[in-house]
file upload24.pdb (PDB, C-alpha atoms and all ligand atoms)
MODEL        1
ATOM      1  CA  MET Y   1     154.223 -89.452 170.147  1.00  0.00           C
ATOM      2  CA  SER Y   2     150.860 -90.985 170.728  1.00  0.00           C
ATOM      3  CA  VAL Y   3     147.302 -90.489 171.804  1.00  0.00           C
ATOM      4  CA  LEU Y   4     146.611 -92.527 174.935  1.00  0.00           C
ATOM      5  CA  SER Y   5     143.256 -93.877 176.001  1.00  0.00           C
ATOM      6  CA  ILE Y   6     141.511 -91.806 178.639  1.00  0.00           C
ATOM      7  CA  ARG Y   7     140.349 -93.664 181.739  1.00  0.00           C
ATOM      8  CA  THR Y   8     136.741 -93.040 182.678  1.00  0.00           C
ATOM      9  CA  LEU Y   9     134.608 -93.747 185.725  1.00  0.00           C
ATOM     10  CA  PRO Y  10     134.476 -96.186 187.457  1.00  0.00           C
ATOM     11  CA  ASP Y  11     138.194 -96.870 186.784  1.00  0.00           C
ATOM     12  CA  SER Y  12     139.855 -96.964 190.221  1.00  0.00           C
ATOM     13  CA  VAL Y  13     143.011 -95.176 188.980  1.00  0.00           C
ATOM     14  CA  LEU Y  14     140.920 -91.981 189.049  1.00  0.00           C
ATOM     15  CA  ARG Y  15     140.506 -92.439 192.799  1.00  0.00           C
ATOM     16  CA  GLU Y  16     144.165 -92.889 193.649  1.00  0.00           C
ATOM     17  CA  LYS Y  17     146.616 -90.313 194.868  1.00  0.00           C
ATOM     18  CA  ALA Y  18     149.465 -89.910 192.386  1.00  0.00           C
ATOM     19  CA  LYS Y  19     153.113 -89.943 193.488  1.00  0.00           C
ATOM     20  CA  LYS Y  20     155.537 -87.059 193.274  1.00  0.00           C
ATOM     21  CA  VAL Y  21     157.824 -86.988 190.257  1.00  0.00           C
ATOM     22  CA  THR Y  22     161.473 -87.299 191.258  1.00  0.00           C
ATOM     23  CA  LEU Y  23     163.101 -88.220 187.930  1.00  0.00           C
ATOM     24  CA  PHE Y  24     163.025 -85.693 185.103  1.00  0.00           C
ATOM     25  CA  ASN Y  25     164.081 -88.265 182.557  1.00  0.00           C
ATOM     26  CA  GLU Y  26     163.156 -89.183 179.016  1.00  0.00           C
ATOM     27  CA  SER Y  27     160.191 -91.284 180.051  1.00  0.00           C
ATOM     28  CA  LEU Y  28     158.717 -88.235 181.839  1.00  0.00           C
ATOM     29  CA  GLN Y  29     159.226 -86.151 178.676  1.00  0.00           C
ATOM     30  CA  ASN Y  30     157.491 -88.833 176.612  1.00  0.00           C
ATOM     31  CA  LEU Y  31     154.596 -88.987 179.058  1.00  0.00           C
ATOM     32  CA  ILE Y  32     154.194 -85.193 178.857  1.00  0.00           C
ATOM     33  CA  GLU Y  33     154.151 -85.255 175.031  1.00  0.00           C
ATOM     34  CA  ASP Y  34     151.633 -88.102 174.981  1.00  0.00           C
ATOM     35  CA  MET Y  35     149.419 -86.274 177.485  1.00  0.00           C
ATOM     36  CA  ILE Y  36     149.453 -83.118 175.331  1.00  0.00           C
ATOM     37  CA  ASP Y  37     148.538 -85.166 172.236  1.00  0.00           C
ATOM     38  CA  THR Y  38     145.775 -86.930 174.159  1.00  0.00           C
ATOM     39  CA  MET Y  39     144.356 -83.684 175.587  1.00  0.00           C
ATOM     40  CA  ARG Y  40     144.281 -82.079 172.124  1.00  0.00           C
ATOM     41  CA  TYR Y  41     142.773 -85.148 170.477  1.00  0.00           C
ATOM     42  CA  ALA Y  42     139.993 -85.152 173.093  1.00  0.00           C
ATOM     43  CA  ASN Y  43     139.454 -81.355 172.775  1.00  0.00           C
ATOM     44  CA  GLY Y  44     140.199 -81.016 176.471  1.00  0.00           C
ATOM     45  CA  VAL Y  45     141.376 -77.959 178.378  1.00  0.00           C
ATOM     46  CA  GLY Y  46     143.533 -80.058 180.691  1.00  0.00           C
ATOM     47  CA  LEU Y  47     144.605 -83.555 181.570  1.00  0.00           C
ATOM     48  CA  ALA Y  48     146.136 -85.196 184.634  1.00  0.00           C
ATOM     49  CA  ALA Y  49     148.337 -88.303 184.441  1.00  0.00           C
ATOM     50  CA  ASN Y  50     145.827 -90.419 186.420  1.00  0.00           C
ATOM     51  CA  GLN Y  51     143.482 -90.007 183.463  1.00  0.00           C
ATOM     52  CA  VAL Y  52     145.873 -91.956 181.239  1.00  0.00           C
ATOM     53  CA  GLY Y  53     146.530 -94.544 183.950  1.00  0.00           C
ATOM     54  CA  VAL Y  54     149.831 -93.152 185.264  1.00  0.00           C
ATOM     55  CA  LEU Y  55     150.038 -92.367 188.984  1.00  0.00           C
ATOM     56  CA  LEU Y  56     152.474 -89.460 188.790  1.00  0.00           C
ATOM     57  CA  ARG Y  57     151.801 -85.827 189.679  1.00  0.00           C
ATOM     58  CA  VAL Y  58     151.847 -84.498 186.103  1.00  0.00           C
ATOM     59  CA  VAL Y  59     149.294 -82.043 184.689  1.00  0.00           C
ATOM     60  CA  VAL Y  60     148.958 -80.370 181.287  1.00  0.00           C
ATOM     61  CA  ILE Y  61     146.618 -77.454 180.586  1.00  0.00           C
ATOM     62  CA  GLU Y  62     145.879 -75.623 177.356  1.00  0.00           C
ATOM     63  CA  ILE Y  63     143.382 -72.769 177.533  1.00  0.00           C
ATOM     64  CA  PRO Y  64     141.603 -72.152 174.183  1.00  0.00           C
ATOM     65  CA  ASP Y  65     143.054 -69.159 172.283  1.00  0.00           C
ATOM     66  CA  GLU Y  66     146.208 -69.077 174.410  1.00  0.00           C
ATOM     67  CA  GLU Y  67     149.501 -69.919 172.735  1.00  0.00           C
ATOM     68  CA  GLU Y  68     151.049 -71.604 175.719  1.00  0.00           C
ATOM     69  CA  VAL Y  69     150.655 -75.205 176.866  1.00  0.00           C
ATOM     70  CA  ARG Y  70     151.203 -75.318 180.605  1.00  0.00           C
ATOM     71  CA  ILE Y  71     153.113 -78.294 181.950  1.00  0.00           C
ATOM     72  CA  LEU Y  72     153.039 -78.669 185.707  1.00  0.00           C
ATOM     73  CA  ILE Y  73     154.961 -81.253 187.681  1.00  0.00           C
ATOM     74  CA  ASN Y  74     154.121 -81.793 191.373  1.00  0.00           C
ATOM     75  CA  PRO Y  75     151.737 -78.784 191.391  1.00  0.00           C
ATOM     76  CA  GLU Y  76     150.403 -77.474 194.694  1.00  0.00           C
ATOM     77  CA  ILE Y  77     147.804 -74.822 195.427  1.00  0.00           C
ATOM     78  CA  ILE Y  78     149.342 -72.286 197.780  1.00  0.00           C
ATOM     79  CA  LYS Y  79     146.547 -69.719 197.952  1.00  0.00           C
ATOM     80  CA  VAL Y  80     142.934 -69.296 196.848  1.00  0.00           C
ATOM     81  CA  GLU Y  81     140.698 -66.247 196.933  1.00  0.00           C
ATOM     82  CA  GLY Y  82     136.946 -65.828 196.528  1.00  0.00           C
ATOM     83  CA  GLU Y  83     134.250 -68.191 195.331  1.00  0.00           C
ATOM     84  CA  ARG Y  84     132.237 -68.429 192.153  1.00  0.00           C
ATOM     85  CA  ARG Y  85     129.761 -70.855 190.630  1.00  0.00           C
ATOM     86  CA  VAL Y  86     130.965 -72.556 187.466  1.00  0.00           C
ATOM     87  CA  ASP Y  87     129.797 -75.305 185.208  1.00  0.00           C
ATOM     88  CA  GLU Y  88     132.299 -78.001 184.528  1.00  0.00           C
ATOM     89  CA  GLY Y  89     132.858 -81.248 182.683  1.00  0.00           C
ATOM     90  CA  CYS Y  90     135.596 -83.867 182.815  1.00  0.00           C
ATOM     91  CA  LEU Y  91     137.083 -86.064 180.086  1.00  0.00           C
ATOM     92  CA  SER Y  92     136.859 -88.976 182.533  1.00  0.00           C
ATOM     93  CA  ILE Y  93     133.107 -88.456 183.055  1.00  0.00           C
ATOM     94  CA  PRO Y  94     131.932 -88.151 179.454  1.00  0.00           C
ATOM     95  CA  GLY Y  95     128.431 -86.951 178.704  1.00  0.00           C
ATOM     96  CA  TYR Y  96     127.881 -85.054 181.955  1.00  0.00           C
ATOM     97  CA  ARG Y  97     128.405 -81.590 183.314  1.00  0.00           C
ATOM     98  CA  GLY Y  98     127.901 -80.211 186.759  1.00  0.00           C
ATOM     99  CA  GLU Y  99     127.593 -76.920 188.595  1.00  0.00           C
ATOM    100  CA  LEU Y 100     129.883 -76.332 191.536  1.00  0.00           C
ATOM    101  CA  THR Y 101     131.840 -73.743 193.488  1.00  0.00           C
ATOM    102  CA  ARG Y 102     135.417 -72.912 192.498  1.00  0.00           C
ATOM    103  CA  SER Y 103     137.831 -70.195 193.587  1.00  0.00           C
ATOM    104  CA  VAL Y 104     138.034 -66.817 191.850  1.00  0.00           C
ATOM    105  CA  LYS Y 105     141.826 -66.631 192.071  1.00  0.00           C
ATOM    106  CA  VAL Y 106     144.318 -69.432 192.526  1.00  0.00           C
ATOM    107  CA  ARG Y 107     148.061 -69.402 193.139  1.00  0.00           C
ATOM    108  CA  VAL Y 108     150.017 -72.530 192.335  1.00  0.00           C
ATOM    109  CA  LYS Y 109     153.612 -73.590 192.701  1.00  0.00           C
ATOM    110  CA  ALA Y 110     155.008 -76.408 190.604  1.00  0.00           C
ATOM    111  CA  LEU Y 111     158.061 -77.587 188.721  1.00  0.00           C
ATOM    112  CA  ASP Y 112     158.492 -77.360 184.977  1.00  0.00           C
ATOM    113  CA  ARG Y 113     159.348 -80.371 182.807  1.00  0.00           C
ATOM    114  CA  ARG Y 114     163.056 -80.019 183.655  1.00  0.00           C
ATOM    115  CA  GLY Y 115     162.489 -79.677 187.401  1.00  0.00           C
ATOM    116  CA  LYS Y 116     162.783 -75.903 187.670  1.00  0.00           C
ATOM    117  CA  ALA Y 117     160.429 -74.151 190.116  1.00  0.00           C
ATOM    118  CA  LEU Y 118     157.596 -72.046 188.710  1.00  0.00           C
ATOM    119  CA  ARG Y 119     154.604 -70.145 190.069  1.00  0.00           C
ATOM    120  CA  ILE Y 120     151.281 -69.306 188.442  1.00  0.00           C
ATOM    121  CA  ARG Y 121     148.661 -66.754 189.457  1.00  0.00           C
ATOM    122  CA  ALA Y 122     145.394 -67.557 187.732  1.00  0.00           C
ATOM    123  CA  GLU Y 123     141.802 -66.450 187.352  1.00  0.00           C
ATOM    124  CA  GLY Y 124     138.894 -67.613 185.199  1.00  0.00           C
ATOM    125  CA  LEU Y 125     139.136 -70.865 183.268  1.00  0.00           C
ATOM    126  CA  LEU Y 126     142.834 -71.334 184.095  1.00  0.00           C
ATOM    127  CA  ALA Y 127     142.110 -71.140 187.832  1.00  0.00           C
ATOM    128  CA  GLN Y 128     139.249 -73.607 187.393  1.00  0.00           C
ATOM    129  CA  ALA Y 129     141.423 -75.990 185.370  1.00  0.00           C
ATOM    130  CA  LEU Y 130     144.237 -75.821 187.953  1.00  0.00           C
ATOM    131  CA  GLU Y 131     141.845 -76.732 190.779  1.00  0.00           C
ATOM    132  CA  HIS Y 132     140.273 -79.490 188.662  1.00  0.00           C
ATOM    133  CA  GLU Y 133     143.586 -81.080 187.617  1.00  0.00           C
ATOM    134  CA  ILE Y 134     145.219 -80.847 191.046  1.00  0.00           C
ATOM    135  CA  ASP Y 135     142.102 -82.591 192.380  1.00  0.00           C
ATOM    136  CA  HIS Y 136     142.681 -85.365 189.811  1.00  0.00           C
ATOM    137  CA  ILE Y 137     146.188 -86.145 191.051  1.00  0.00           C
ATOM    138  CA  ASN Y 138     144.722 -86.397 194.562  1.00  0.00           C
ATOM    139  CA  GLY Y 139     142.052 -88.849 193.401  1.00  0.00           C
ATOM    140  CA  VAL Y 140     139.275 -86.243 193.606  1.00  0.00           C
ATOM    141  CA  LEU Y 141     136.673 -85.593 190.882  1.00  0.00           C
ATOM    142  CA  TYR Y 142     134.480 -82.551 190.352  1.00  0.00           C
ATOM    143  CA  ILE Y 143     131.376 -84.596 191.168  1.00  0.00           C
ATOM    144  CA  ASP Y 144     132.702 -84.849 194.739  1.00  0.00           C
ATOM    145  CA  HIS Y 145     132.149 -81.095 195.117  1.00  0.00           C
ATOM    146  CA  LEU Y 146     128.525 -81.087 193.974  1.00  0.00           C
ATOM    147  CA  SER Y 147     126.067 -80.234 196.677  1.00  0.00           C
ATOM    148  CA  SER Y 148     123.343 -82.448 195.202  1.00  0.00           C
ATOM    149  CA  HIS Y 149     122.507 -84.449 192.117  1.00  0.00           C
ATOM    150  CA  GLU Y 150     120.438 -81.526 190.926  1.00  0.00           C
ATOM    151  CA  HIS Y 151     123.733 -79.938 190.011  1.00  0.00           C
ATOM    152  CA  LEU Y 152     124.782 -82.764 187.682  1.00  0.00           C
ATOM    153  CA  TRP Y 153     123.188 -83.122 184.288  1.00  0.00           C
ATOM    154  CA  LYS Y 154     123.477 -85.387 181.299  1.00  0.00           C
ATOM    155  CA  LEU Y 155     124.252 -83.719 177.993  1.00  0.00           C
ATOM    156  CA  GLU Y 156     122.157 -84.241 174.894  1.00  0.00           C
ATOM    157  CA  ARG Y 157     124.017 -85.879 172.032  1.00  0.00           C
ATOM    158  CA  ASP Y 158     124.461 -82.610 170.082  1.00  0.00           C
ATOM    159  CA  GLU Y 159     125.816 -80.898 173.201  1.00  0.00           C
ATOM    160  CA  VAL Y 160     128.425 -83.617 173.692  1.00  0.00           C
ATOM    161  CA  GLU Y 161     129.773 -82.921 170.229  1.00  0.00           C
ATOM    162  CA  THR Y 162     130.001 -79.180 170.698  1.00  0.00           C
ATOM    163  CA  THR Y 163     131.201 -79.035 174.293  1.00  0.00           C
ATOM    164  CA  THR Y 164     134.916 -78.318 174.418  1.00  0.00           C
ATOM    165  CA  GLU Y 165     135.491 -77.247 177.996  1.00  0.00           C
ATOM    166  CA  ALA Y 166     136.051 -80.641 179.556  1.00  0.00           C
ATOM    167  CA  ILE Y 167     139.024 -80.675 181.896  1.00  0.00           C
TER
HETATM  168 NI    NI M   1     138.906 -83.996 184.535  1.00  0.00          NI
ENDMDL
END
call {"tool": "encode", "arguments": {"input": "upload24.pdb", "output": "structure tokens", "more": "lines below"}}
Ligand code: NI
result
Amino acid sequence: MSVLSIRTLPDSVLREKAKKVTLFNESLQNLIEDMIDTMRYANGVGLAANQVGVLLRVVVIEIPDEEEVRILINPEIIKVEGERRVDEGCLSIPGYRGELTRSVKVRVKALDRRGKALRIRAEGLLAQALEHEIDHINGVLYIDHLSSHEHLWKLERDEVETTTEAI
């Protein structure tokens, strides 16, 4: 499998709405494996297919210190609860982080890599990553949620190297 190049702003593929997956074939499995390799190579917490230039509703998430890689096909948020302020970065907007409002709890339905239905109830970083990645497949970026530019900041070079929570 291979590490793909990650699209960054202002690439227009980041602003497009991805299409639903209907074929659970070998090319989907290859895409998923390449996305996992790419996310790990970039030290990311998650990756959406738009970020590697593919307009399909495919998301991978790997929370640090958790064993499981989550693979979500056609994910949809079905319920959110509460609000909290978080800081957040994105692999497609390197060198920046922002402060924004995300939900405390998130419930998502999706399909697994074989097309079987699954549901996730999440809090904390997983909830944040789910909201962030589902935004990506709708062409939305975290900077769209910032209330002002005061909530976006550029990282110093040493911070870029040590920051791992880009999603
Ligand atoms: Ni991102």
call {"tool": "residues_near_ligand", "arguments": {"input": "upload24.pdb", "ligand": "ligand NI 1 (chain M)", "cutoff": "8 Å", "atoms": "only C-alpha atoms and all ligand atoms", "output": "list in words"}}
result
Gly46, Leu47, Ala48, Gln51, Gly89, Cys90, Leu91, Ser92, Ile93, His132, Glu133, His136, Leu141, Tyr142, Ala166 and Ile167 of chain Y
call {"tool": "write_last_selection", "arguments": {"input": "upload24.pdb", "atoms": "C-alpha atoms", "output": "mmCIF file, in the frame of the given file"}}
result
data_model
loop_
_atom_site.group_PDB
_atom_site.id
_atom_site.type_symbol
_atom_site.label_atom_id
_atom_site.label_comp_id
_atom_site.auth_asym_id
_atom_site.auth_seq_id
_atom_site.Cartn_x
_atom_site.Cartn_y
_atom_site.Cartn_z
ATOM 1 C CA GLY Y 46 143.533 -80.058 180.691
ATOM 2 C CA LEU Y 47 144.605 -83.555 181.570
ATOM 3 C CA ALA Y 48 146.136 -85.196 184.634
ATOM 4 C CA GLN Y 51 143.482 -90.007 183.463
ATOM 5 C CA GLY Y 89 132.858 -81.248 182.683
ATOM 6 C CA CYS Y 90 135.596 -83.867 182.815
ATOM 7 C CA LEU Y 91 137.083 -86.064 180.086
ATOM 8 C CA SER Y 92 136.859 -88.976 182.533
ATOM 9 C CA ILE Y 93 133.107 -88.456 183.055
ATOM 10 C CA HIS Y 132 140.273 -79.490 188.662
ATOM 11 C CA GLU Y 133 143.586 -81.080 187.617
ATOM 12 C CA HIS Y 136 142.681 -85.365 189.811
ATOM 13 C CA LEU Y 141 136.673 -85.593 190.882
ATOM 14 C CA TYR Y 142 134.480 -82.551 190.352
ATOM 15 C CA ALA Y 166 136.051 -80.641 179.556
ATOM 16 C CA ILE Y 167 139.024 -80.675 181.896
#
call {"tool": "resolve_selection", "arguments": {"input": "upload24.pdb", "expression": "the PyMOL selection byres (((chain Y and resi 119) around 10) and not hetatm)", "output": "list in words"}}
result
Leu72, Pro75, Glu76, Ile77, Ile78, Arg107, Val108, Lys109, Ala110, Leu111, Asp112, Ala117, Leu118, Ile120, Arg121 and Ala122 of chain Y
call {"tool": "resolve_selection", "arguments": {"input": "upload24.pdb", "expression": "the PyMOL selection byres (((chain Y and resi 126) around 9) and not hetatm)", "output": "mmCIF file with C-alpha atoms, in the frame of the given file"}}
result
data_model
loop_
_atom_site.group_PDB
_atom_site.id
_atom_site.type_symbol
_atom_site.label_atom_id
_atom_site.label_comp_id
_atom_site.auth_asym_id
_atom_site.auth_seq_id
_atom_site.Cartn_x
_atom_site.Cartn_y
_atom_site.Cartn_z
ATOM 1 C CA VAL Y 45 141.376 -77.959 178.378
ATOM 2 C CA ILE Y 61 146.618 -77.454 180.586
ATOM 3 C CA GLU Y 62 145.879 -75.623 177.356
ATOM 4 C CA ILE Y 63 143.382 -72.769 177.533
ATOM 5 C CA VAL Y 106 144.318 -69.432 192.526
ATOM 6 C CA ALA Y 122 145.394 -67.557 187.732
ATOM 7 C CA GLU Y 123 141.802 -66.450 187.352
ATOM 8 C CA GLY Y 124 138.894 -67.613 185.199
ATOM 9 C CA LEU Y 125 139.136 -70.865 183.268
ATOM 10 C CA ALA Y 127 142.110 -71.140 187.832
ATOM 11 C CA GLN Y 128 139.249 -73.607 187.393
ATOM 12 C CA ALA Y 129 141.423 -75.990 185.370
ATOM 13 C CA LEU Y 130 144.237 -75.821 187.953
ATOM 14 C CA GLU Y 131 141.845 -76.732 190.779
#
call {"tool": "closest_residue", "arguments": {"input": "upload24.pdb", "among": "Y:Leu152, Y:Arg114, Y:Lys105, Y:Arg57", "to": "Gly82 of chain Y", "atoms": "only C-alpha atoms"}}
result
Y:Lys105
call {"tool": "closest_residue", "arguments": {"input": "upload24.pdb", "among": "Y:Val58, Y:Val140, Y:Leu9, Y:Val3", "to": "Asn74 of chain Y", "atoms": "all atoms listed in the file"}}
result
Y:Val58
call {"tool": "atom_distance", "arguments": {"input": "upload24.pdb", "atom1": "atom CA of Val60 of chain Y", "atom2": "atom CA of Ile36 of chain Y"}}
result
6.6 Å
call {"tool": "closest_residue", "arguments": {"input": "upload24.pdb", "among": "Y:Lys19, Y:Met1, Y:Ile73, Y:Leu146", "to": "Gly115 of chain Y", "atoms": "all atoms listed in the file"}}
result
Y:Ile73
call {"tool": "atom_distance", "arguments": {"input": "upload24.pdb", "atom1": "atom CA of Leu155 of chain Y", "atom2": "atom CA of Glu88 of chain Y"}}
result
11.8 Å
call {"tool": "resolve_selection", "arguments": {"input": "upload24.pdb", "expression": "the PyMOL selection byres (((chain Y and resi 50) around 8) and not hetatm)", "output": "list in words"}}
result
Arg7, Val13, Leu14, Glu16, Ala18, Ala48, Ala49, Gln51, Val52, Gly53, Val54, Leu55, Leu56, His136 and Ile137 of chain Y
call {"tool": "write_last_selection", "arguments": {"input": "upload24.pdb", "atoms": "C-alpha atoms", "output": "PDB file, in the coordinates of the input"}}
result
ATOM      1  CA  ARG Y   7     140.349 -93.664 181.739  1.00  0.00           C
ATOM      2  CA  VAL Y  13     143.011 -95.176 188.980  1.00  0.00           C
ATOM      3  CA  LEU Y  14     140.920 -91.981 189.049  1.00  0.00           C
ATOM      4  CA  GLU Y  16     144.165 -92.889 193.649  1.00  0.00           C
ATOM      5  CA  ALA Y  18     149.465 -89.910 192.386  1.00  0.00           C
ATOM      6  CA  ALA Y  48     146.136 -85.196 184.634  1.00  0.00           C
ATOM      7  CA  ALA Y  49     148.337 -88.303 184.441  1.00  0.00           C
ATOM      8  CA  GLN Y  51     143.482 -90.007 183.463  1.00  0.00           C
ATOM      9  CA  VAL Y  52     145.873 -91.956 181.239  1.00  0.00           C
ATOM     10  CA  GLY Y  53     146.530 -94.544 183.950  1.00  0.00           C
ATOM     11  CA  VAL Y  54     149.831 -93.152 185.264  1.00  0.00           C
ATOM     12  CA  LEU Y  55     150.038 -92.367 188.984  1.00  0.00           C
ATOM     13  CA  LEU Y  56     152.474 -89.460 188.790  1.00  0.00           C
ATOM     14  CA  HIS Y 136     142.681 -85.365 189.811  1.00  0.00           C
ATOM     15  CA  ILE Y 137     146.188 -86.145 191.051  1.00  0.00           C
TER      16      ILE Y 137
END
call {"tool": "atom_distance", "arguments": {"input": "upload24.pdb", "atom1": "atom CA of Gly139 of chain Y", "atom2": "atom CA of Pro94 of chain Y"}}
result
17.2 Å
call {"tool": "closest_residue", "arguments": {"input": "upload24.pdb", "among": "Y:Asp34, Y:Asp87, Y:Asp135, Y:Glu66", "to": "Lys17 of chain Y", "atoms": "all atoms listed in the file"}}
result
Y:Asp135
call {"tool": "closest_residue", "arguments": {"input": "upload24.pdb", "among": "Y:Ile32, Y:Arg15, Y:Val104, Y:Gly95", "to": "Lys79 of chain Y", "atoms": "all atoms listed in the file"}}
result
Y:Val104
call {"tool": "closest_residue", "arguments": {"input": "upload24.pdb", "among": "Y:Arg70, Y:Arg113, Y:Lys154, Y:Asp144", "to": "Glu26 of chain Y", "atoms": "only C-alpha atoms"}}
result
Y:Arg113
call {"tool": "residues_around", "arguments": {"input": "upload24.pdb", "residues": "His151 of chain Y", "least_positions_apart": "6", "cutoff": "10 Å", "atoms": "all atoms listed in the file", "output": "ChimeraX atom specification"}}
result
/Y:87,97-100,143,145
call {"tool": "axis_aligned_box", "arguments": {"input": "upload24.pdb", "around": "segment 82-99 of chain Y", "padding_each_side": "4 Å", "output": "JSON"}}
result
{"center_x": 132.3, "center_y": -77.4, "center_z": 187.6, "size_x": 17.5, "size_y": 31.1, "size_z": 25.8}
